[in-house]
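Novice: Supplied in structure tokens, the structure appears directly below.
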Amino acid sequence: MRLINLSRGIGIRIAALSALLIVVSMVALGTAVYTFIDDALRSRGRLRIEQEVSRMVALNAGGRLDVIAAEIERQTLSGVTTRFAYHIVRMDGTHVVGDLWLDGVTPGWHRQTITKDHGTGEHLLILTTALNHDLLLSIGRDVHWISDVDEELFEILLRALLGGIVLALVTALIANRLVARRVDLITDSANEIMKGHLKHRVPITGANDDFDRLSQTLNVMLDRNQALMESLEQVSNDIAHDLRTPLGRLRQGLEQVQRDDGASPAEYADAVDRAIVEADGLLATFTALLRIAQIEAGARKSAFRRFDLSEALHSVSEAYELSAEDEGHRLTSQIEPGIMITGDRDLIVQMAANLIENALAHTPAGTDICVSLERRAGSIVAAVADHGLGVPESEWQNIFRRFYRREVSRTTPGTGLGLSLVAAVARLHGARAEASDNHPGLRMDIVFPNTVTP
Amino acid sequence: MADRDGKGLHRLICGGMIASGRWPIVDRFGPMKVLVIEDDIQTAAFIRKGLEEAGHVVDVAGTGRDGLFLAAGELYEIIITDRRLPGLDGLSIVKTIRGAGIKTPVLFVTTMTGVGDRIEGLEAGADDYLIKPFAFGELLARVNALARRPAMAASQTVLKVADLEMDLLARKVQRAGREIDLQPREFGLLEYLMRHAGKTVTRTMLLENVWNFHFDPNTNIVETHISRLRSKVDKGFATPLIETVRGSGYSLRASH
């Protein structure tokens, strides 16, 4: 398992790559150094020979062979070990003077290896020059020390290379371990969460590196998922709880008429009617839930168009005026004309209707309700405000929750989903739904960012 | 509780109709040939039974392909199609028959789960839509409303029903020569009733067509407006024109 991890790990791959780079660059550098030093030594050797040749040619300037020969004799017999080797020969191959024996030489550079009696070799670098039309001068010098230096240099470079490879491999292993450890932390956390420990989070090492940032992002995501799951669980519970009551009533009604042997056709019809009313109520709740779910999924954004928000709010407010009046409410509106937004008109209309219905349902007769729309700095605010009994501040968030009912309004008919839909529609439009104190009463604001209007 | 009464009553009446199985005679404009494209056997049987009881002749197609084949024959006066069908869906059927130049009115039946179904259906060429599940009275009213009416073309500028006269250009209404003063929304409501005179219009049809509301409000908007309209149109006249159709909605009486 570990081995597979090692070979597949991104750490080892990066490390292997960097090791390869180190080796390649060391080889390139070593080659350059080697070539440079070798060249420098060899050209220095050549220079020395050229200088000696020049000196001899200068001695020959007077055409006096005997002077050169004397000088060569002197050098040859001097006993200096690092001396030059000389040879002067005639064009016909007759040896004139010198201790270097060469056959058929031509002017230019030559190399010659001389094996001595006791096994050691001499690598001679030789420059041959014509002294005149008959005489050829060759001067050689042992350059085997250059090869020695080269060999030594090569060995040093090879050692450095081997050291580099070892260092690269060690670095690779350490890097891999470091990366693997961090990845393991995340993997372990994921496994832990999958096992059902939803509250588990990826540990942050405090190194403030890429892994820490990744871990932080993952943790934020996990927090959100957990919150979503909890709200989902809450909603499932609420649905189950809220639907049991009407389903129970439906069943009771049907059972009652079934048990009653003497029920008249009219009584049967009445029981069926009541069952249908209950079923319709249940369907309305499901419809509202589905709608909220669709809106929250953002699926309805495809229906977004530019429309006149002022006109839409005005038409909703006007639609409810008569009904409000019948119930003894006073519904008025203060709508700034010509405010356009991009959105789903049908949903905005339903949102406004829900806010008005909420105000109508939860305020006593005679309460003033005002629908308003205005442009503010950086935002557009649509509001439904009443002068009813109001809602305590601690409940301002809760009233937007699905199925949430305040104690005082338990008996008011409704699905308990109206304001959840309001909040969902607001979110879909990038707006905020906010409850606040209307001194007295409740004020519901839908705050649209003003970016939706030019 | 007051806001709920209207709706509760509406539902109660609706339910009563389904239970008793009697359909209003008002909507009978003679039998029509109706094609129902619906794959759910129970729903198809429910629609067939109701429409046959209302005097119509019904054929049911259980798949989209069969439905398209029958619809293409042009033997029907109304086509009711479900959105979701095996093989070929309702949207494709509507597009295909409209593409072939067949103008038979189509009622598109959708579920709430398909977002944008309503707009898609209407854009494809359907004439009206209905959301499942529905009360049968709703379906029947819409089928009857879709039936071709020779009298009232959309281009008319004056609508006449009994002794009621509406001038669409001058925005004026008279009954038996006496001028009636209406609010804009009341005018729109009466216009819709007059265009569908003699037929039942449901509460939902009024909400959709007069108010452009595509949801079910919990408040008796329609009832209060009808009541206000009645007090203006019918008060002081021997014959009331705006009738409540038990279990379905409202109807404007076409003749005395």
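How things are named: the first chain in the structure tokens is A, the next is B, and so on; residues count from 1 in each chain; ligands count from 1 in the order shown.
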Could you tell me which residues of chain A sit within 8 Å of chain B when counting only C-alpha atoms, and give me the result as a ChimeraX atom specification?
Specialist: /A:269-270,272-274,276-277,280,287,290-291,294,299-300,303,315,319-320,322-323,326-327,346,349-350,353-354,357,361,412-414
Novice: Grab the residues selected above and save them as a PDB file, in the first residue's frame with C-alpha atoms.
Specialist:
ATOM      1  CA  ALA A 269     -71.023  13.526  -0.047  1.00  0.00           C
ATOM      2  CA  ASP A 270     -70.169  15.883   2.765  1.00  0.00           C
ATOM      3  CA  VAL A 272     -65.957  13.299   0.546  1.00  0.00           C
ATOM      4  CA  ASP A 273     -66.076  17.088   0.224  1.00  0.00           C
ATOM      5  CA  ARG A 274     -64.185  17.503   3.470  1.00  0.00           C
ATOM      6  CA  ILE A 276     -61.038  16.787  -0.831  1.00  0.00           C
ATOM      7  CA  VAL A 277     -60.559  20.034   1.108  1.00  0.00           C
ATOM      8  CA  ASP A 280     -56.212  20.176  -1.505  1.00  0.00           C
ATOM      9  CA  THR A 287     -46.769  22.720  -4.209  1.00  0.00           C
ATOM     10  CA  LEU A 290     -41.649  22.164  -4.456  1.00  0.00           C
ATOM     11  CA  ARG A 291     -41.697  25.762  -5.547  1.00  0.00           C
ATOM     12  CA  GLN A 294     -36.988  24.849  -7.306  1.00  0.00           C
ATOM     13  CA  ALA A 299     -33.468  26.611 -11.747  1.00  0.00           C
ATOM     14  CA  ARG A 300     -35.874  29.457 -12.435  1.00  0.00           C
ATOM     15  CA  ALA A 303     -36.974  32.802 -16.799  1.00  0.00           C
ATOM     16  CA  SER A 315     -50.754  45.568  -9.603  1.00  0.00           C
ATOM     17  CA  ALA A 319     -55.393  43.316  -6.396  1.00  0.00           C
ATOM     18  CA  TYR A 320     -55.515  43.057  -2.610  1.00  0.00           C
ATOM     19  CA  LEU A 322     -60.665  45.224  -2.051  1.00  0.00           C
ATOM     20  CA  SER A 323     -60.042  42.098   0.025  1.00  0.00           C
ATOM     21  CA  ASP A 326     -63.551  43.796   3.247  1.00  0.00           C
ATOM     22  CA  GLU A 327     -61.590  42.631   6.269  1.00  0.00           C
ATOM     23  CA  ASP A 346     -44.187  35.780 -11.669  1.00  0.00           C
ATOM     24  CA  VAL A 349     -45.497  39.033  -7.820  1.00  0.00           C
ATOM     25  CA  GLN A 350     -46.015  35.938  -5.676  1.00  0.00           C
ATOM     26  CA  ALA A 353     -48.587  38.760  -2.556  1.00  0.00           C
ATOM     27  CA  ASN A 354     -47.230  36.529   0.218  1.00  0.00           C
ATOM     28  CA  GLU A 357     -51.211  38.131   2.805  1.00  0.00           C
ATOM     29  CA  ALA A 361     -53.471  37.333   8.218  1.00  0.00           C
ATOM     30  CA  THR A 412     -54.057  31.098  11.777  1.00  0.00           C
ATOM     31  CA  PRO A 413     -54.652  29.138   8.576  1.00  0.00           C
ATOM     32  CA  GLY A 414     -51.795  28.833   6.120  1.00  0.00           C
TER      33      GLY A 414
END
Novice: Which residues in range 7-233 of chain B does DSSP call strand (DSSP E or B)? List them as a short mmCIF file (atom, residue, chain, number, x, y, z; two decimals) with all heavy atoms, in the first residue's frame.
Specialist:
data_model
loop_
_atom_site.label_atom_id
_atom_site.label_comp_id
_atom_site.auth_asym_id
_atom_site.auth_seq_id
_atom_site.Cartn_x
_atom_site.Cartn_y
_atom_site.Cartn_z
N LYS B 33 -65.20 16.53 -30.25
CA LYS B 33 -64.28 15.38 -30.28
C LYS B 33 -62.99 15.81 -29.60
O LYS B 33 -62.34 16.76 -30.03
CB LYS B 33 -64.01 14.95 -31.72
CG LYS B 33 -65.15 14.13 -32.30
CD LYS B 33 -64.65 13.20 -33.38
CE LYS B 33 -63.88 12.01 -32.80
NZ LYS B 33 -63.55 10.99 -33.80
N VAL B 34 -62.65 15.12 -28.51
CA VAL B 34 -61.48 15.50 -27.72
C VAL B 34 -60.45 14.37 -27.75
O VAL B 34 -60.80 13.20 -27.58
CB VAL B 34 -61.87 15.79 -26.25
CG1 VAL B 34 -60.65 16.23 -25.45
CG2 VAL B 34 -62.98 16.82 -26.17
N LEU B 35 -59.20 14.74 -28.01
CA LEU B 35 -58.12 13.74 -27.94
C LEU B 35 -57.35 13.97 -26.63
O LEU B 35 -56.88 15.08 -26.36
CB LEU B 35 -57.16 13.91 -29.13
CG LEU B 35 -55.88 13.05 -29.08
CD1 LEU B 35 -56.20 11.57 -29.09
CD2 LEU B 35 -54.95 13.40 -30.24
N VAL B 36 -57.26 12.92 -25.85
CA VAL B 36 -56.52 13.00 -24.59
C VAL B 36 -55.24 12.17 -24.74
O VAL B 36 -55.30 10.97 -24.98
CB VAL B 36 -57.36 12.48 -23.40
CG1 VAL B 36 -56.53 12.49 -22.12
CG2 VAL B 36 -58.62 13.33 -23.24
N ILE B 37 -54.07 12.83 -24.62
CA ILE B 37 -52.80 12.09 -24.67
C ILE B 37 -52.26 12.04 -23.25
O ILE B 37 -51.81 13.05 -22.71
CB ILE B 37 -51.79 12.76 -25.63
CG1 ILE B 37 -52.47 13.11 -26.96
CG2 ILE B 37 -50.58 11.88 -25.84
CD1 ILE B 37 -51.61 13.91 -27.92
N VAL B 57 -67.04 13.58 -26.94
CA VAL B 57 -66.57 12.29 -27.44
C VAL B 57 -65.05 12.26 -27.25
O VAL B 57 -64.35 13.18 -27.67
CB VAL B 57 -66.91 12.12 -28.94
CG1 VAL B 57 -66.41 10.77 -29.45
CG2 VAL B 57 -68.41 12.27 -29.14
N VAL B 58 -64.57 11.22 -26.60
CA VAL B 58 -63.17 11.22 -26.17
C VAL B 58 -62.39 10.03 -26.73
O VAL B 58 -62.87 8.90 -26.70
CB VAL B 58 -63.08 11.19 -24.62
CG1 VAL B 58 -61.63 11.22 -24.17
CG2 VAL B 58 -63.86 12.35 -24.02
N ASP B 59 -61.20 10.32 -27.27
CA ASP B 59 -60.25 9.26 -27.61
C ASP B 59 -59.03 9.44 -26.72
O ASP B 59 -58.60 10.57 -26.50
CB ASP B 59 -59.81 9.36 -29.08
CG ASP B 59 -60.86 8.78 -30.01
OD1 ASP B 59 -61.68 7.97 -29.53
OD2 ASP B 59 -60.87 9.16 -31.20
N VAL B 60 -58.48 8.32 -26.24
CA VAL B 60 -57.29 8.41 -25.38
C VAL B 60 -56.11 7.75 -26.09
O VAL B 60 -56.24 6.64 -26.61
CB VAL B 60 -57.53 7.73 -24.01
CG1 VAL B 60 -56.24 7.68 -23.20
CG2 VAL B 60 -58.61 8.48 -23.24
N ALA B 61 -54.95 8.46 -26.12
CA ALA B 61 -53.71 7.86 -26.61
C ALA B 61 -52.77 7.71 -25.42
O ALA B 61 -52.62 8.65 -24.64
CB ALA B 61 -53.08 8.75 -27.68
N ILE B 78 -60.35 19.49 -29.91
CA ILE B 78 -59.49 19.87 -28.78
C ILE B 78 -58.48 18.75 -28.54
O ILE B 78 -58.84 17.57 -28.64
CB ILE B 78 -60.30 20.04 -27.47
CG1 ILE B 78 -61.37 21.13 -27.59
CG2 ILE B 78 -59.38 20.30 -26.28
CD1 ILE B 78 -60.90 22.52 -27.28
N ILE B 79 -57.23 19.13 -28.24
CA ILE B 79 -56.25 18.12 -27.85
C ILE B 79 -55.77 18.45 -26.43
O ILE B 79 -55.39 19.59 -26.15
CB ILE B 79 -55.04 18.09 -28.81
CG1 ILE B 79 -55.50 17.71 -30.22
CG2 ILE B 79 -53.96 17.13 -28.30
CD1 ILE B 79 -54.46 17.95 -31.30
N ILE B 80 -55.84 17.46 -25.55
CA ILE B 80 -55.31 17.64 -24.20
C ILE B 80 -54.08 16.75 -24.11
O ILE B 80 -54.17 15.54 -24.31
CB ILE B 80 -56.33 17.21 -23.13
CG1 ILE B 80 -57.63 18.03 -23.27
CG2 ILE B 80 -55.75 17.36 -21.73
CD1 ILE B 80 -58.76 17.52 -22.39
N THR B 81 -52.92 17.35 -23.86
CA THR B 81 -51.73 16.49 -23.78
C THR B 81 -50.94 16.72 -22.51
O THR B 81 -50.82 17.85 -22.03
CB THR B 81 -50.81 16.68 -25.02
OG1 THR B 81 -49.67 15.82 -24.87
CG2 THR B 81 -50.32 18.11 -25.16
N ASP B 82 -50.42 15.62 -21.98
CA ASP B 82 -49.56 15.69 -20.80
C ASP B 82 -48.18 16.12 -21.26
O ASP B 82 -47.81 15.94 -22.42
CB ASP B 82 -49.51 14.30 -20.14
CG ASP B 82 -48.92 14.36 -18.75
OD1 ASP B 82 -49.15 15.37 -18.07
OD2 ASP B 82 -48.22 13.41 -18.36
N VAL B 106 -54.83 23.35 -28.24
CA VAL B 106 -54.15 22.37 -27.38
C VAL B 106 -54.14 22.86 -25.94
O VAL B 106 -53.78 24.02 -25.65
CB VAL B 106 -52.68 22.14 -27.84
CG1 VAL B 106 -51.93 21.27 -26.84
CG2 VAL B 106 -52.65 21.51 -29.22
N LEU B 107 -54.56 21.99 -25.03
CA LEU B 107 -54.44 22.26 -23.59
C LEU B 107 -53.27 21.43 -23.08
O LEU B 107 -53.25 20.21 -23.22
CB LEU B 107 -55.74 21.88 -22.87
CG LEU B 107 -55.73 22.00 -21.34
CD1 LEU B 107 -55.45 23.42 -20.89
CD2 LEU B 107 -57.05 21.52 -20.75
N PHE B 108 -52.30 22.13 -22.51
CA PHE B 108 -51.05 21.50 -22.08
C PHE B 108 -51.14 21.22 -20.58
O PHE B 108 -51.38 22.13 -19.80
CB PHE B 108 -49.93 22.49 -22.37
CG PHE B 108 -48.57 21.89 -22.48
CD1 PHE B 108 -48.30 20.94 -23.44
CD2 PHE B 108 -47.56 22.32 -21.65
CE1 PHE B 108 -47.03 20.41 -23.56
CE2 PHE B 108 -46.29 21.79 -21.75
CZ PHE B 108 -46.03 20.84 -22.72
N VAL B 109 -50.97 19.97 -20.19
CA VAL B 109 -51.07 19.62 -18.76
C VAL B 109 -49.67 19.37 -18.22
O VAL B 109 -48.92 18.57 -18.77
CB VAL B 109 -51.96 18.39 -18.55
CG1 VAL B 109 -52.07 18.05 -17.08
CG2 VAL B 109 -53.35 18.64 -19.13
N THR B 110 -49.29 20.11 -17.18
CA THR B 110 -47.93 19.95 -16.63
C THR B 110 -47.99 19.67 -15.14
O THR B 110 -49.01 19.88 -14.50
CB THR B 110 -47.10 21.23 -16.82
OG1 THR B 110 -47.60 22.22 -15.92
CG2 THR B 110 -47.19 21.75 -18.22
N THR B 111 -46.85 19.23 -14.62
CA THR B 111 -46.73 19.11 -13.17
C THR B 111 -45.89 20.27 -12.69
O THR B 111 -45.18 20.89 -13.45
CB THR B 111 -46.02 17.80 -12.78
OG1 THR B 111 -44.80 17.75 -13.50
CG2 THR B 111 -46.87 16.61 -13.11
N ASP B 128 -53.38 26.83 -23.89
CA ASP B 128 -53.60 27.02 -22.46
C ASP B 128 -52.85 25.91 -21.73
O ASP B 128 -52.42 24.94 -22.34
CB ASP B 128 -55.11 26.96 -22.16
CG ASP B 128 -55.43 27.57 -20.80
OD1 ASP B 128 -54.51 28.13 -20.14
OD2 ASP B 128 -56.60 27.49 -20.37
N TYR B 129 -52.67 26.11 -20.45
CA TYR B 129 -51.97 25.08 -19.69
C TYR B 129 -52.73 24.85 -18.39
O TYR B 129 -53.48 25.71 -17.93
CB TYR B 129 -50.54 25.52 -19.39
CG TYR B 129 -50.48 26.55 -18.30
CD1 TYR B 129 -50.21 26.19 -16.99
CD2 TYR B 129 -50.78 27.88 -18.58
CE1 TYR B 129 -50.21 27.13 -15.98
CE2 TYR B 129 -50.78 28.83 -17.58
CZ TYR B 129 -50.49 28.45 -16.28
OH TYR B 129 -50.51 29.37 -15.29
N LEU B 130 -52.50 23.71 -17.81
CA LEU B 130 -53.16 23.35 -16.56
C LEU B 130 -52.16 22.57 -15.72
O LEU B 130 -51.44 21.72 -16.24
CB LEU B 130 -54.39 22.49 -16.87
CG LEU B 130 -55.34 22.14 -15.74
CD1 LEU B 130 -55.88 23.40 -15.07
CD2 LEU B 130 -56.49 21.31 -16.27
N ILE B 131 -52.11 22.91 -14.43
CA ILE B 131 -51.13 22.24 -13.57
C ILE B 131 -51.78 21.08 -12.84
O ILE B 131 -52.87 21.20 -12.28
CB ILE B 131 -50.51 23.26 -12.59
CG1 ILE B 131 -49.60 24.22 -13.37
CG2 ILE B 131 -49.71 22.55 -11.51
CD1 ILE B 131 -49.16 25.41 -12.57
N LYS B 132 -51.09 19.94 -12.87
CA LYS B 132 -51.54 18.74 -12.17
C LYS B 132 -51.21 18.85 -10.69
O LYS B 132 -50.14 19.36 -10.38
CB LYS B 132 -50.79 17.53 -12.73
CG LYS B 132 -51.50 16.77 -13.81
CD LYS B 132 -50.61 15.56 -14.11
CE LYS B 132 -51.17 14.73 -15.21
NZ LYS B 132 -50.25 13.60 -15.51
N VAL B 158 -66.26 46.36 -30.01
CA VAL B 158 -67.42 46.44 -29.11
C VAL B 158 -67.91 45.04 -28.81
O VAL B 158 -68.11 44.22 -29.71
CB VAL B 158 -68.57 47.26 -29.76
CG1 VAL B 158 -69.80 47.25 -28.85
CG2 VAL B 158 -68.13 48.68 -30.04
N LEU B 159 -68.00 44.75 -27.49
CA LEU B 159 -68.50 43.44 -27.09
C LEU B 159 -69.93 43.61 -26.62
O LEU B 159 -70.26 44.55 -25.90
CB LEU B 159 -67.65 42.86 -25.94
CG LEU B 159 -66.14 42.74 -26.17
CD1 LEU B 159 -65.47 42.21 -24.90
CD2 LEU B 159 -65.85 41.81 -27.33
N LYS B 160 -70.82 42.66 -27.03
CA LYS B 160 -72.22 42.73 -26.61
C LYS B 160 -72.64 41.39 -26.05
O LYS B 160 -72.47 40.35 -26.69
CB LYS B 160 -73.11 43.07 -27.80
CG LYS B 160 -73.15 44.56 -28.12
CD LYS B 160 -74.13 44.84 -29.24
CE LYS B 160 -73.91 46.24 -29.77
NZ LYS B 160 -74.58 46.48 -31.05
N VAL B 161 -73.18 41.43 -24.84
CA VAL B 161 -73.74 40.22 -24.25
C VAL B 161 -75.07 40.64 -23.62
O VAL B 161 -75.10 41.52 -22.75
CB VAL B 161 -72.82 39.62 -23.18
CG1 VAL B 161 -73.50 38.43 -22.52
CG2 VAL B 161 -71.49 39.19 -23.80
N LEU B 164 -75.85 44.06 -22.21
CA LEU B 164 -74.59 44.65 -21.75
C LEU B 164 -73.72 44.98 -22.96
O LEU B 164 -73.58 44.16 -23.87
CB LEU B 164 -73.88 43.65 -20.84
CG LEU B 164 -72.71 44.12 -20.00
CD1 LEU B 164 -73.13 45.19 -19.00
CD2 LEU B 164 -72.11 42.94 -19.25
N GLU B 165 -73.14 46.17 -22.97
CA GLU B 165 -72.33 46.58 -24.11
C GLU B 165 -71.02 47.17 -23.62
O GLU B 165 -71.00 48.04 -22.74
CB GLU B 165 -73.11 47.62 -24.92
CG GLU B 165 -72.74 47.62 -26.39
CD GLU B 165 -73.62 48.59 -27.18
OE1 GLU B 165 -74.85 48.38 -27.22
OE2 GLU B 165 -73.06 49.55 -27.72
N MET B 166 -69.92 46.70 -24.20
CA MET B 166 -68.60 47.20 -23.77
C MET B 166 -67.86 47.77 -24.98
O MET B 166 -67.66 47.07 -25.97
CB MET B 166 -67.79 46.06 -23.14
CG MET B 166 -66.35 46.45 -22.82
SD MET B 166 -65.46 45.10 -22.02
CE MET B 166 -65.88 45.37 -20.31
N ASP B 167 -67.49 49.05 -24.86
CA ASP B 167 -66.70 49.67 -25.91
C ASP B 167 -65.22 49.60 -25.50
O ASP B 167 -64.79 50.28 -24.58
CB ASP B 167 -67.15 51.13 -26.09
CG ASP B 167 -66.47 51.78 -27.29
OD1 ASP B 167 -65.35 51.33 -27.64
OD2 ASP B 167 -67.05 52.73 -27.85
N LYS B 172 -65.70 52.11 -22.16
CA LYS B 172 -66.99 52.42 -21.54
C LYS B 172 -67.88 51.20 -21.55
O LYS B 172 -67.84 50.39 -22.47
CB LYS B 172 -67.67 53.56 -22.29
CG LYS B 172 -67.07 54.94 -21.97
CD LYS B 172 -68.05 56.03 -22.33
CE LYS B 172 -67.69 57.34 -21.70
NZ LYS B 172 -66.66 58.08 -22.47
N VAL B 173 -68.70 51.08 -20.49
CA VAL B 173 -69.64 49.96 -20.40
C VAL B 173 -71.03 50.52 -20.17
O VAL B 173 -71.24 51.45 -19.38
CB VAL B 173 -69.25 49.02 -19.24
CG1 VAL B 173 -70.25 47.88 -19.11
CG2 VAL B 173 -67.84 48.46 -19.45
N GLN B 174 -72.00 49.94 -20.89
CA GLN B 174 -73.40 50.33 -20.70
C GLN B 174 -74.24 49.09 -20.49
O GLN B 174 -73.97 48.04 -21.08
CB GLN B 174 -73.92 51.03 -21.96
CG GLN B 174 -73.40 52.42 -22.14
CD GLN B 174 -74.08 53.12 -23.31
OE1 GLN B 174 -74.73 52.49 -24.13
NE2 GLN B 174 -73.95 54.42 -23.35
N ARG B 175 -75.24 49.20 -19.64
CA ARG B 175 -76.21 48.12 -19.59
C ARG B 175 -77.58 48.73 -19.78
O ARG B 175 -77.97 49.63 -19.02
CB ARG B 175 -76.14 47.37 -18.26
CG ARG B 175 -77.14 46.22 -18.27
CD ARG B 175 -76.91 45.19 -17.24
NE ARG B 175 -77.93 44.16 -17.39
CZ ARG B 175 -78.21 43.25 -16.49
NH1 ARG B 175 -77.53 43.22 -15.36
NH2 ARG B 175 -79.17 42.37 -16.70
N ARG B 178 -77.77 52.36 -19.77
CA ARG B 178 -77.29 53.09 -18.61
C ARG B 178 -75.78 52.88 -18.45
O ARG B 178 -75.29 51.74 -18.49
CB ARG B 178 -78.01 52.59 -17.35
CG ARG B 178 -77.91 53.63 -16.21
CD ARG B 178 -78.11 52.98 -14.86
NE ARG B 178 -79.39 52.32 -14.71
CZ ARG B 178 -79.68 51.52 -13.68
NH1 ARG B 178 -78.78 51.31 -12.75
NH2 ARG B 178 -80.85 50.93 -13.59
N GLU B 179 -75.03 53.97 -18.30
CA GLU B 179 -73.57 53.87 -18.21
C GLU B 179 -73.15 53.28 -16.86
O GLU B 179 -73.71 53.62 -15.82
CB GLU B 179 -72.94 55.24 -18.38
CG GLU B 179 -71.44 55.16 -18.53
CD GLU B 179 -70.92 56.06 -19.65
OE1 GLU B 179 -71.66 56.29 -20.63
OE2 GLU B 179 -69.79 56.48 -19.54
N ILE B 180 -72.16 52.39 -16.90
CA ILE B 180 -71.65 51.79 -15.66
C ILE B 180 -70.19 52.22 -15.51
O ILE B 180 -69.38 52.05 -16.44
CB ILE B 180 -71.74 50.25 -15.71
CG1 ILE B 180 -73.21 49.83 -15.86
CG2 ILE B 180 -71.14 49.62 -14.48
CD1 ILE B 180 -73.38 48.37 -16.19
N THR B 200 -68.24 28.69 -18.59
CA THR B 200 -67.76 28.83 -17.22
C THR B 200 -66.30 29.27 -17.23
O THR B 200 -65.49 28.72 -17.97
CB THR B 200 -67.87 27.48 -16.49
OG1 THR B 200 -69.24 27.07 -16.54
CG2 THR B 200 -67.43 27.61 -15.04
N VAL B 201 -66.00 30.28 -16.44
CA VAL B 201 -64.59 30.61 -16.23
C VAL B 201 -64.27 30.35 -14.76
O VAL B 201 -65.05 30.71 -13.88
CB VAL B 201 -64.25 32.07 -16.61
CG1 VAL B 201 -64.39 32.27 -18.10
CG2 VAL B 201 -65.13 33.05 -15.87
N THR B 202 -63.15 29.70 -14.52
CA THR B 202 -62.84 29.34 -13.13
C THR B 202 -62.05 30.47 -12.47
O THR B 202 -61.57 31.39 -13.13
CB THR B 202 -61.97 28.07 -13.08
OG1 THR B 202 -60.72 28.37 -13.70
CG2 THR B 202 -62.64 26.92 -13.80
#
Novice: Rounded to one decimal, what separation in Å do you get between CA of Met221 in chain A and CA of Ala175 in chain A?
Specialist: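 Separation of CA of Met221 in chain A and CA of Ala175 in chain A: 28.0 Å.
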